[in-house]
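S.K.: Sharing target-v3.cif below, mmCIF, C-alpha atoms:
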```
data_query
loop_
_atom_site.label_atom_id
_atom_site.label_comp_id
_atom_site.auth_asym_id
_atom_site.auth_seq_id
_atom_site.Cartn_x
_atom_site.Cartn_y
_atom_site.Cartn_z
CA MET A 1 -25.00 28.04 -5.42
CA GLU A 2 -21.74 26.34 -6.23
CA ASP A 3 -20.73 23.40 -4.03
CA THR A 4 -17.24 24.13 -2.75
CA ARG A 5 -16.87 21.11 -0.49
CA GLU A 6 -13.60 19.30 -0.93
CA ILE A 7 -11.17 16.98 0.83
CA VAL A 8 -7.45 17.61 0.67
CA LEU A 9 -5.15 14.77 1.72
CA THR A 10 -1.41 15.27 2.12
CA PHE A 11 0.82 12.22 2.42
CA GLU A 12 4.11 12.34 4.28
CA TRP A 13 6.87 10.15 2.83
CA ASP A 14 7.07 8.07 6.00
CA GLY A 15 4.46 5.58 4.79
CA LYS A 16 2.11 6.26 7.67
CA THR A 17 1.19 9.92 8.16
CA VAL A 18 -1.70 11.44 6.24
CA HIS A 19 -3.03 14.95 6.87
CA LYS A 20 -6.72 15.50 6.11
CA GLU A 21 -8.18 18.93 5.43
CA THR A 22 -11.83 19.57 4.65
CA ASN A 23 -13.13 22.75 3.06
CA GLY A 24 -16.64 24.13 2.62
CA PHE A 25 -18.46 21.99 5.20
CA VAL A 26 -20.88 23.20 7.83
CA GLY A 27 -20.75 21.77 11.35
CA LYS A 28 -20.74 18.05 11.92
CA ALA A 29 -20.95 17.26 8.18
CA CYS A 30 -17.23 17.90 8.07
CA THR A 31 -16.50 14.65 9.88
CA ASP A 32 -19.62 12.67 8.93
CA GLU A 33 -19.31 13.08 5.17
CA THR A 34 -15.56 12.51 5.01
CA LYS A 35 -15.44 9.53 7.34
CA PHE A 36 -15.13 7.14 4.39
CA VAL A 37 -11.59 8.38 3.70
CA GLU A 38 -10.50 7.62 7.23
CA GLU A 39 -12.09 4.18 6.91
CA ALA A 40 -10.03 3.58 3.77
CA LEU A 41 -6.86 4.67 5.56
CA LYS A 42 -7.72 3.37 9.00
CA GLY A 43 -4.66 1.15 9.13
CA SER A 44 -2.38 4.11 9.56
CA LYS A 45 -4.35 5.27 12.57
CA GLN A 46 -4.48 1.94 14.35
CA LYS A 47 -0.81 1.14 14.54
CA ARG A 48 2.53 2.16 13.21
CA ARG A 49 3.64 1.00 9.81
CA PHE A 50 6.88 -0.40 11.11
CA LYS A 51 8.14 -1.03 14.56
CA ALA A 52 11.18 1.20 14.80
CA GLU A 53 13.06 -1.13 17.09
CA TYR A 54 12.96 -3.84 14.43
CA LEU A 55 14.38 -1.53 11.80
CA ASN A 56 17.15 -0.24 14.02
CA ASN A 57 18.58 -3.71 14.45
CA LYS A 58 18.25 -6.12 11.58
CA LYS A 59 18.72 -9.06 13.92
CA HIS A 60 15.32 -8.25 15.33
CA ALA A 61 13.70 -7.65 11.97
CA VAL A 62 11.93 -10.98 12.11
CA VAL A 63 8.65 -10.42 13.87
CA GLN A 64 6.40 -13.07 15.25
CA ARG A 65 3.00 -13.11 13.71
CA ALA A 66 0.16 -12.95 16.19
CA HIS A 67 -1.26 -16.27 15.10
CA ALA A 68 2.06 -18.12 14.83
CA MET B 1 23.31 -17.18 5.97
CA SER B 2 20.40 -14.98 5.13
CA HIS B 3 16.76 -15.79 5.65
CA THR B 4 13.40 -14.29 4.86
CA LEU B 5 12.42 -11.32 7.02
CA GLU B 6 8.87 -10.51 7.97
CA PHE B 7 7.61 -6.95 8.17
CA GLU B 8 4.45 -5.71 9.77
CA THR B 9 2.38 -3.43 7.59
CA THR B 10 -1.09 -1.98 7.92
CA ILE B 11 -2.10 -2.72 4.35
CA THR B 12 -5.50 -4.32 4.01
CA ASN B 13 -6.28 -3.35 0.43
CA VAL B 14 -4.70 -5.63 -2.18
CA ASP B 15 -5.74 -3.36 -5.06
CA ALA B 16 -3.93 -0.44 -3.44
CA LEU B 17 -0.81 -2.57 -2.98
CA VAL B 18 -0.82 -3.71 -6.62
CA ARG B 19 -1.31 -0.15 -7.85
CA ALA B 20 1.49 1.03 -5.55
CA LEU B 21 3.84 -1.69 -6.85
CA LYS B 22 3.17 -0.53 -10.41
CA ARG B 23 3.98 3.03 -9.37
CA MET B 24 7.28 1.69 -8.05
CA ASP B 25 8.01 0.45 -11.58
CA VAL B 26 7.48 -3.21 -10.73
CA SER B 27 6.51 -4.90 -13.97
CA GLU B 28 2.88 -5.98 -14.08
CA ASN B 29 4.01 -9.34 -15.48
CA LEU B 30 5.83 -10.14 -12.24
CA ILE B 31 2.91 -9.36 -9.90
CA GLU B 32 0.64 -12.21 -8.85
CA VAL B 33 -2.47 -12.02 -6.65
CA HIS B 34 -3.81 -15.28 -5.17
CA GLU B 35 -6.89 -16.11 -3.15
CA THR B 36 -4.90 -18.86 -1.43
CA ALA B 37 -1.37 -18.03 -0.34
CA GLN B 38 1.26 -19.51 -2.67
CA ARG B 39 4.82 -20.52 -1.90
CA LEU B 40 7.57 -17.96 -2.35
CA ARG B 41 10.60 -19.15 -4.29
CA THR B 42 13.71 -18.23 -2.36
CA PHE B 43 17.24 -19.56 -1.87
CA HIS B 44 16.20 -21.03 1.46
CA GLU B 45 14.66 -24.38 0.62
CA ASN B 46 13.89 -25.19 4.24
CA GLU B 47 11.68 -22.13 4.50
CA ASN B 48 8.07 -22.42 3.51
CA LYS B 49 6.98 -18.82 3.20
CA ARG B 50 3.68 -18.19 1.48
CA ALA B 51 2.03 -15.03 0.23
CA HIS B 52 -1.17 -13.77 -1.36
CA VAL B 53 0.53 -10.99 -3.32
CA ILE B 54 3.82 -12.03 -4.89
CA VAL B 55 6.44 -10.31 -7.00
CA ARG B 56 8.07 -13.19 -8.86
CA ARG B 57 11.74 -12.38 -9.05
CA PHE B 58 13.42 -15.77 -8.54
CA LEU B 59 16.00 -16.29 -11.29
CA GLN B 60 14.57 -13.39 -13.24
CA LYS B 61 17.92 -11.86 -14.01
CA GLY B 62 20.05 -14.83 -15.02
CA ASN B 63 21.48 -18.05 -13.73
CA ASN B 64 24.63 -16.92 -12.01
CA TRP B 65 24.53 -16.31 -8.27
CA LYS B 66 24.87 -12.55 -8.59
CA GLY B 67 21.87 -12.42 -10.87
CA LYS B 68 19.62 -14.45 -8.60
CA HIS B 69 16.79 -12.89 -6.66
CA SER B 70 14.23 -14.23 -4.24
CA ASP B 71 10.50 -13.61 -4.62
CA ILE B 72 9.01 -11.01 -2.34
CA GLY B 73 5.47 -11.25 -1.10
CA TRP B 74 2.73 -10.14 1.27
CA GLU B 75 0.54 -12.57 3.17
CA PHE B 76 -2.72 -11.84 4.98
CA ASN B 77 -2.68 -12.58 8.68
CA LYS B 78 -5.80 -13.58 10.62
CA GLU B 79 -6.72 -9.94 11.16
CA GLY B 80 -6.77 -9.33 7.40
CA VAL B 81 -3.59 -7.25 7.43
CA LEU B 82 -0.74 -8.01 5.04
CA ILE B 83 2.65 -9.15 6.37
CA GLY B 84 5.62 -8.52 4.07
CA HIS B 85 8.13 -11.31 3.33
CA ILE B 86 11.41 -10.03 1.99
CA ASP B 87 14.71 -11.88 1.79
CA GLU B 88 17.34 -10.52 4.16
CA PHE B 89 19.76 -10.28 1.25
CA GLU B 90 17.30 -8.18 -0.73
CA TYR B 91 16.69 -5.99 2.30
CA ASP B 92 20.28 -5.40 3.38
CA ASP B 93 22.51 -5.86 0.38
CA ASN B 94 20.32 -5.13 -2.59
CA PRO B 95 19.17 -1.52 -2.45
CA CYS B 96 16.01 -2.40 -4.38
CA TYR B 97 13.94 -3.57 -1.41
CA ASP B 98 15.41 -1.85 1.60
CA HIS B 99 13.66 0.24 4.23
CA GLU B 100 13.54 3.29 1.94
CA TRP B 101 11.90 1.29 -0.86
CA GLN B 102 9.30 -0.18 1.48
CA THR B 103 8.50 3.19 3.05
CA LYS B 104 7.94 4.70 -0.39
CA LEU B 105 5.81 1.71 -1.40
CA TYR B 106 3.61 2.03 1.68
CA THR B 107 3.20 5.76 1.11
CA TYR B 108 1.96 4.98 -2.40
CA CYS B 109 -0.33 2.34 -0.87
CA GLU B 110 -1.98 5.06 1.23
CA VAL B 111 -2.34 7.31 -1.80
CA GLU B 112 -3.86 4.54 -3.90
CA ALA B 113 -6.19 3.42 -1.09
CA ALA B 114 -7.50 6.99 -0.87
CA LYS B 115 -7.93 7.18 -4.65
CA ILE B 116 -9.91 3.92 -4.63
CA ALA B 117 -12.16 5.38 -1.88
CA PHE B 118 -12.74 8.54 -3.97
CA GLU B 119 -13.47 6.48 -7.07
CA LYS B 120 -16.08 4.46 -5.16
CA GLN B 121 -17.75 7.74 -4.12
CA GLY B 122 -17.65 9.02 -7.71
CA MET B 123 -15.49 11.94 -6.62
CA PRO B 124 -12.99 13.29 -9.16
CA TYR B 125 -9.56 13.99 -7.71
CA VAL B 126 -6.37 15.72 -8.70
CA GLU B 127 -2.96 14.50 -7.58
CA LYS B 128 -0.05 16.87 -7.36
CA THR B 129 3.14 17.42 -5.41
CA ASP B 130 3.15 20.23 -2.87
CA LYS B 131 6.01 22.64 -2.15
CA GLN B 132 7.54 20.25 0.36
CA GLY B 133 7.55 17.39 -2.14
CA ARG B 134 4.63 15.56 -0.55
CA ILE B 135 1.80 14.01 -2.54
CA GLU B 136 -1.44 15.96 -2.31
CA LEU B 137 -4.83 14.58 -3.32
CA ARG B 138 -7.68 17.06 -3.78
CA ALA B 139 -11.18 15.62 -4.27
CA LYS B 140 -14.37 17.61 -4.99
CA PHE B 141 -17.79 16.73 -3.63
CA ALA B 142 -19.74 18.81 -6.14
CA LYS B 143 -18.83 16.62 -9.08
CA ALA B 144 -19.64 13.54 -7.04
CA GLN B 145 -23.18 14.84 -6.51
CA GLU B 146 -23.48 15.61 -10.24
CA ASN B 147 -22.35 12.08 -11.05
CA LYS B 148 -24.95 10.65 -8.64
CA ASN B 149 -27.67 12.80 -10.21
CA ARG B 150 -26.62 11.65 -13.67
CA ALA B 151 -26.77 8.05 -12.51
CA LYS B 152 -30.32 8.60 -11.19
CA THR B 153 -31.42 10.21 -14.47
CA TYR B 154 -29.90 7.35 -16.41
CA THR B 155 -31.71 4.84 -14.22
CA LYS B 156 -35.02 6.64 -14.86
CA VAL B 157 -34.43 6.63 -18.60
CA GLN B 158 -33.60 2.97 -18.47
CA ALA B 159 -36.76 2.26 -16.46
#
```
What would you get if you wrote out this structure as structure tokens?

M.R.:
Amino acid sequence: MEDTREIVLTFEWDGKTVHKETNGFVGKACTDETKFVEEALKGSKQKRRFKAEYLNNKKHAVVQRAHA
Amino acid sequence: MSHTLEFETTITNVDALVRALKRMDVSENLIEVHETAQRLRTFHENENKRAHVIVRRFLQKGNNWKGKHSDIGWEFNKEGVLIGHIDEFEYDDNPCYDHEWQTKLYTYCEVEAAKIAFEKQGMPYVEKTDKQGRIELRAKFAKAQENKNRAKTYTKVQA
């Protein structure tokens, strides 16, 4: 029987939003077997790419690094 | 007087960043990747900005003031996430490296990071643009399994 499992990723042009669609999986395998993609893109889930308030006002564009 | 701006990103994958820069038509000759952060050459001599990934642009386009450009770079912070360093002049006055450019770059970073993940799994993928102009990546599992089986057979033959 043909394996029809696939992952479809769609990337918004905002630099941070990725839509994930999985086809052909049964039950929990859907998340278990495609977890590696989320791991690779985990940055976008943890925090925003930019802080909007910094971009809205260039005077505040300089951010302090956590370790500075 | 302008100075170097810092931008938070969520990029952790240097390979994805380099591939994304190439997609943005940044010449491969200008891209440097360093294990130890190296100094960025900018107009601001009192600044000591360093970066692990650098696009060397300083004085690339001539010696007159209008032709001068500062390097841009990305430096790992302690959490292993890259921080972007871009000259304020390049960000505000030169349309090359403004917010729009960075947003596009970071979108490509996501695409390339996903491709690298698929490549590691041995999954073939197809990239295309959907009806709304977004990038779509479609990766098949079946071929990945075939590739794994082939690898096993090859190993047996080798043994």

S.K.: Which residues fall under the PyMOL selection byres ((chain B) within 8 of (chain A)) in this file, as number ranges by chain?

M.R.: B: 5-12, 77-78, 99, 103-108, 110-111, 113-114, 117-118, 134-142

S.K.: For the atom pair atom CA of B:Val26 and atom CA of B:Met123, what is the interatomic distance in Å to one decimal place?

M.R.: 27.8 Å

S.K.: On this structure, which residues satisfy the PyMOL selection byres ((chain B and resi 23) around 10), written as a list in words?

M.R.: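 So the PyMOL selection byres ((chain B and resi 23) around 10) ends up selecting Leu17, Val18, Arg19, Ala20, Leu21, Lys22, Met24, Asp25, Val26, Ser27, Lys104, Leu105, Tyr108, Cys109 and Glu112 of chain B.
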
S.K.: Mind dumping the selected residues with C-alpha atoms as a PDB file, in the coordinates of the input?

M.R.:
```pdb
ATOM      1  CA  LEU B  17      -0.810  -2.570  -2.980  1.00  0.00           C
ATOM      2  CA  VAL B  18      -0.820  -3.710  -6.620  1.00  0.00           C
ATOM      3  CA  ARG B  19      -1.310  -0.150  -7.850  1.00  0.00           C
ATOM      4  CA  ALA B  20       1.490   1.030  -5.550  1.00  0.00           C
ATOM      5  CA  LEU B  21       3.840  -1.690  -6.850  1.00  0.00           C
ATOM      6  CA  LYS B  22       3.170  -0.530 -10.410  1.00  0.00           C
ATOM      7  CA  MET B  24       7.280   1.690  -8.050  1.00  0.00           C
ATOM      8  CA  ASP B  25       8.010   0.450 -11.580  1.00  0.00           C
ATOM      9  CA  VAL B  26       7.480  -3.210 -10.730  1.00  0.00           C
ATOM     10  CA  SER B  27       6.510  -4.900 -13.970  1.00  0.00           C
ATOM     11  CA  LYS B 104       7.940   4.700  -0.390  1.00  0.00           C
ATOM     12  CA  LEU B 105       5.810   1.710  -1.400  1.00  0.00           C
ATOM     13  CA  TYR B 108       1.960   4.980  -2.400  1.00  0.00           C
ATOM     14  CA  CYS B 109      -0.330   2.340  -0.870  1.00  0.00           C
ATOM     15  CA  GLU B 112      -3.860   4.540  -3.900  1.00  0.00           C
TER      16      GLU B 112
END
```

S.K.: Provide the atom CA of B:His69 to atom CA of B:Leu82 distance in Å, to one decimal place.

M.R.: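 We find that atom CA of B:His69 and atom CA of B:Leu82 lie 21.6 Å from each other.
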
S.K.: For B:Lys49, please output as a list in words all residues within 8 Å (counting all atoms listed in the file; exclusion window: fewer than 3 positions along the same chain).

M.R.: Arg39, Leu40 and His85 of chain B

S.K.: Go ahead and compute the interatomic distance for atom CA of B:Glu35 and atom CA of B:Glu119, in Å to one decimal.

M.R.: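 Calculated distance between atom CA of B:Glu35 and atom CA of B:Glu119 is 23.9 Å.
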
S.K.: Identify which of the residues B:Lys128, B:His34, B:Arg41, B:Lys120 lies closest to B:Asp87, counting all atoms listed in the file when measuring atom-to-atom distances.

M.R.: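 Nearest candidate to B:Asp87 out of B:Lys128, B:His34, B:Arg41, B:Lys120: B:Arg41.
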